[in-house]
Number of protein chains: 2
Amino acid sequence: MRLASVEGLGSLTIGRLAQELGISKSGVYAHFGSKTRLHQETVDEARRIFAREVLEPGLAAPEGLDRLESLCEAFLSYVERNVFPGGCFFAQLLAEFDAPSGRVHDEVLSDQQGWLGLLEQLVEAAVRLGELDGRVDAGQLAFELHAAMDMANYLTTLHRDPSFIERGRTAIRTAISGAATDPGARAGESPDVPVEPAEG
Amino acid sequence: MRLASVEGLGSLTIGRLAQELGISKSGVYAHFGSKTRLHQETVDEARRIFAREVLEPGLAAPEGLDRLESLCEAFLSYVERNVFPGGCFFAQLLAEFDAPSGRVHDEVLSDQQGWLGLLEQLVEAAVRLGELDGRVDAGQLAFELHAAMDMANYLTTLHRDPSFIERGRTAIRTAISGAATDPGARAGESPDVPVEPAEG
DNA sequence: CAGTAGATAGCACGTACGTGCTATATCATC
DNA sequence: GATGATATAGCACGTACGTGCTATCTACTG
């Protein structure tokens, strides 16, 4: 997973893994039986880790705006804590398998839809609870939150500069507070205009 | 470029290209002399096309908010028009070469910084002209615009559904109008809460 | 028609890969 | 200490790749 998150599943070959581990190709091969299964099990394990590190803690918060913010923060924290050294494992996979072919592509695509759908659901729940304005387009807000998180992951891993995580946090706050009912009702919210404490 | 934008530079091999063209490997090889040069010239040509299709028309607008919006729209249009069949060529490259090694990585990284820096400059110009609130953090707004455009490109090419371009447009409008001075001064702006005309 | 530059083919070589096979270690359990 | 499972090594095969070489074919120029 570490190798794949940095260099992509394409670089996760039997030979490369053997070399990395200092054993023979046969030694690796015997454990998986095929390259496909190596990839499959790697992705499955990464999914388990994502569930443990992001979904579980993120969805533990009470329903509504809390849960939405909690999930976003859980994702950013997961990137910030370098759970995978190459940033979000699935962002890497998605970019690598965006061409429409193969089983990995299909799975990753449905994961992506699931993630975006989850965000949308949480937005809708917050709307139902009256914490977000009823006029908000849930799909649109989910898009914007996803964009902020993805770009934070992207730039952080690309430039090895965790300060982009903070950009993501700010963008999420701005997007949510722009859609909140009665701005200012919740304490500690940022104003409409994104003003940073201080640059750098 | 078409092949690389869809499947990545890694799939753009001498042999694959020869097969795609229906000629021998030697036939392709003689034109470039090495795989490295094939890649180099492919990226260079893509850069020229990006300049012609995005930068040139985008920066033609008068300085200030007009130019900022024009550049964002030029990018979305470039994705929408399928200038490259695999979406934005450089988004693909960036994802593929995010691991820190090699010449392509370095070039692509500096392209990325240039793009983000350009957006930031345009925001600052709009601030100077009084069209955006002086309290906006230019880097932050550039981040959010970039995020919206990138996600639009991403989801559009992944799901082959151009409706995500419209999500991007809306996100850009929201971000900019949230940072504008005297909201409503410019005609045709959307309100603070993102309300879509109708879903789907 | 002769000459020449450019494009392409064919062939050979070394490398890395996935995969199947057999042989040998290592180690827990009886 | 014998048994058996597990892990690993070694070897062979076919495929795809980049690269260098020579030969041929095409098309333009004189």
# chains A, B, ... in the order shown; residues from 1 in each chain; ligands from 1

call {"tool": "closest_atom_pairs", "arguments": {"of": "chain B", "to": "chain C", "cutoff": "9 Å", "atoms": "only C-alpha atoms (C1' of nucleotides)", "output": "CSV"}}
result
residue,atom,partner,partner_atom,distance
B:Ile23,CA,C:DT8,C1',7.7
B:Ser24,CA,C:DA9,C1',6.7
B:Lys25,CA,C:DA9,C1',9.0
B:Ser26,CA,C:DT8,C1',7.1
B:Gly27,CA,C:DT8,C1',5.0
B:Val28,CA,C:DT8,C1',8.6
B:Ala30,CA,C:DA7,C1',8.4
B:His31,CA,C:DA7,C1',8.9

call {"tool": "write_last_selection", "arguments": {"atoms": "C-alpha atoms", "output": "mmCIF file, in the first residue's frame"}}
result
data_model
loop_
_atom_site.group_PDB
_atom_site.id
_atom_site.type_symbol
_atom_site.label_atom_id
_atom_site.label_comp_id
_atom_site.auth_asym_id
_atom_site.auth_seq_id
_atom_site.Cartn_x
_atom_site.Cartn_y
_atom_site.Cartn_z
ATOM 1 C CA ILE B 23 3.717 0.807 -38.286
ATOM 2 C CA SER B 24 6.824 -0.827 -36.870
ATOM 3 C CA LYS B 25 8.593 0.214 -33.681
ATOM 4 C CA SER B 26 11.594 1.315 -35.741
ATOM 5 C CA GLY B 27 9.331 3.559 -37.747
ATOM 6 C CA VAL B 28 8.315 5.428 -34.617
ATOM 7 C CA ALA B 30 13.474 6.957 -35.883
ATOM 8 C CA HIS B 31 11.318 10.046 -35.394
#

call {"tool": "interface_residues", "arguments": {"of": "chain D", "to": "chain B", "cutoff": "9 Å", "atoms": "only C-alpha atoms (C1' of nucleotides)", "output": "list in words"}}
result
DA16, DC17, DG18 and DT19 of chain D

call {"tool": "interface_residues", "arguments": {"of": "chain A", "to": "chain B", "cutoff": "9 Å", "atoms": "only C-alpha atoms", "output": "PyMOL selection string"}}
result
chain A and resi 6-8+86+91-92+94-100+109+133+135-137+139-141+143-144+146-152+154+157-159+164+167-168+170-171+174-175+178-180+192-196+199

call {"tool": "atom_distance", "arguments": {"atom1": "CA of Phe84 in chain B", "atom2": "CA of Leu55 in chain B"}}
result
15.6 Å

call {"tool": "residues_around", "arguments": {"residues": "Ala125 in chain A", "least_positions_apart": "6", "cutoff": "8 Å", "atoms": "only C-alpha atoms (C1' of nucleotides)", "output": "list in words"}}
result
Glu63, Gly64 and Leu65 of chain A

call {"tool": "residues_around", "arguments": {"residues": "Gln40 in chain B", "least_positions_apart": "6", "cutoff": "12 Å", "atoms": "only C-alpha atoms (C1' of nucleotides)", "output": "JSON, numbers by chain"}}
result
{"B": [1, 4, 9, 12, 32, 33, 34, 46, 47, 102, 103, 104, 105, 107, 108]}

call {"tool": "select_by_dssp", "arguments": {"residues": "range 56-146 of chain A", "states": "alpha helix (DSSP H)", "output": "JSON, numbers by chain"}}
result
{"A": [56, 57, 58, 59, 65, 66, 67, 68, 69, 70, 71, 72, 73, 74, 75, 76, 77, 78, 79, 80, 89, 90, 91, 92, 93, 94, 95, 96, 103, 104, 105, 106, 107, 108, 109, 110, 111, 112, 113, 114, 115, 116, 117, 118, 119, 120, 121, 122, 123, 124, 125, 126, 127, 128, 138, 139, 140, 141, 142, 143, 144, 145, 146]}

call {"tool": "residues_around", "arguments": {"residues": "Ser77 in chain B", "least_positions_apart": "5", "cutoff": "10 Å", "atoms": "only C-alpha atoms (C1' of nucleotides)", "output": "ChimeraX atom specification"}}
result
/B:53-54,71-72,82-83,165

call {"tool": "write_last_selection", "arguments": {"atoms": "N, CA and C atoms", "output": "PDB file, in the first residue's frame"}}
result
ATOM      1  N   GLU B  53      -5.334  27.297 -26.098  1.00  0.00           N
ATOM      2  CA  GLU B  53      -6.745  27.035 -25.829  1.00  0.00           C
ATOM      3  C   GLU B  53      -7.247  27.641 -24.516  1.00  0.00           C
ATOM      4  N   VAL B  54      -6.331  27.888 -23.584  1.00  0.00           N
ATOM      5  CA  VAL B  54      -6.760  28.376 -22.271  1.00  0.00           C
ATOM      6  C   VAL B  54      -6.153  29.740 -21.947  1.00  0.00           C
ATOM      7  N   LEU B  71     -10.465  33.568 -17.374  1.00  0.00           N
ATOM      8  CA  LEU B  71      -9.498  32.473 -17.352  1.00  0.00           C
ATOM      9  C   LEU B  71     -10.143  31.185 -16.827  1.00  0.00           C
ATOM     10  N   CYS B  72     -10.920  31.326 -15.758  1.00  0.00           N
ATOM     11  CA  CYS B  72     -11.604  30.148 -15.210  1.00  0.00           C
ATOM     12  C   CYS B  72     -12.537  29.543 -16.252  1.00  0.00           C
ATOM     13  N   ASN B  82     -13.463  19.048 -24.795  1.00  0.00           N
ATOM     14  CA  ASN B  82     -12.660  17.843 -24.998  1.00  0.00           C
ATOM     15  C   ASN B  82     -11.442  18.081 -25.884  1.00  0.00           C
ATOM     16  N   VAL B  83     -10.722  19.137 -25.570  1.00  0.00           N
ATOM     17  CA  VAL B  83      -9.497  19.426 -26.320  1.00  0.00           C
ATOM     18  C   VAL B  83      -8.570  18.213 -26.263  1.00  0.00           C
ATOM     19  N   ILE B 165     -19.197  20.102 -15.205  1.00  0.00           N
ATOM     20  CA  ILE B 165     -18.647  21.401 -15.597  1.00  0.00           C
ATOM     21  C   ILE B 165     -19.517  22.516 -15.007  1.00  0.00           C
TER      22      ILE B 165
END

call {"tool": "atom_distance", "arguments": {"atom1": "CA of Glu124 in chain B", "atom2": "CA of Cys88 in chain B"}}
result
25.5 Å

call {"tool": "atom_distance", "arguments": {"atom1": "CA of Val123 in chain A", "atom2": "CA of Glu80 in chain A"}}
result
23.8 Å
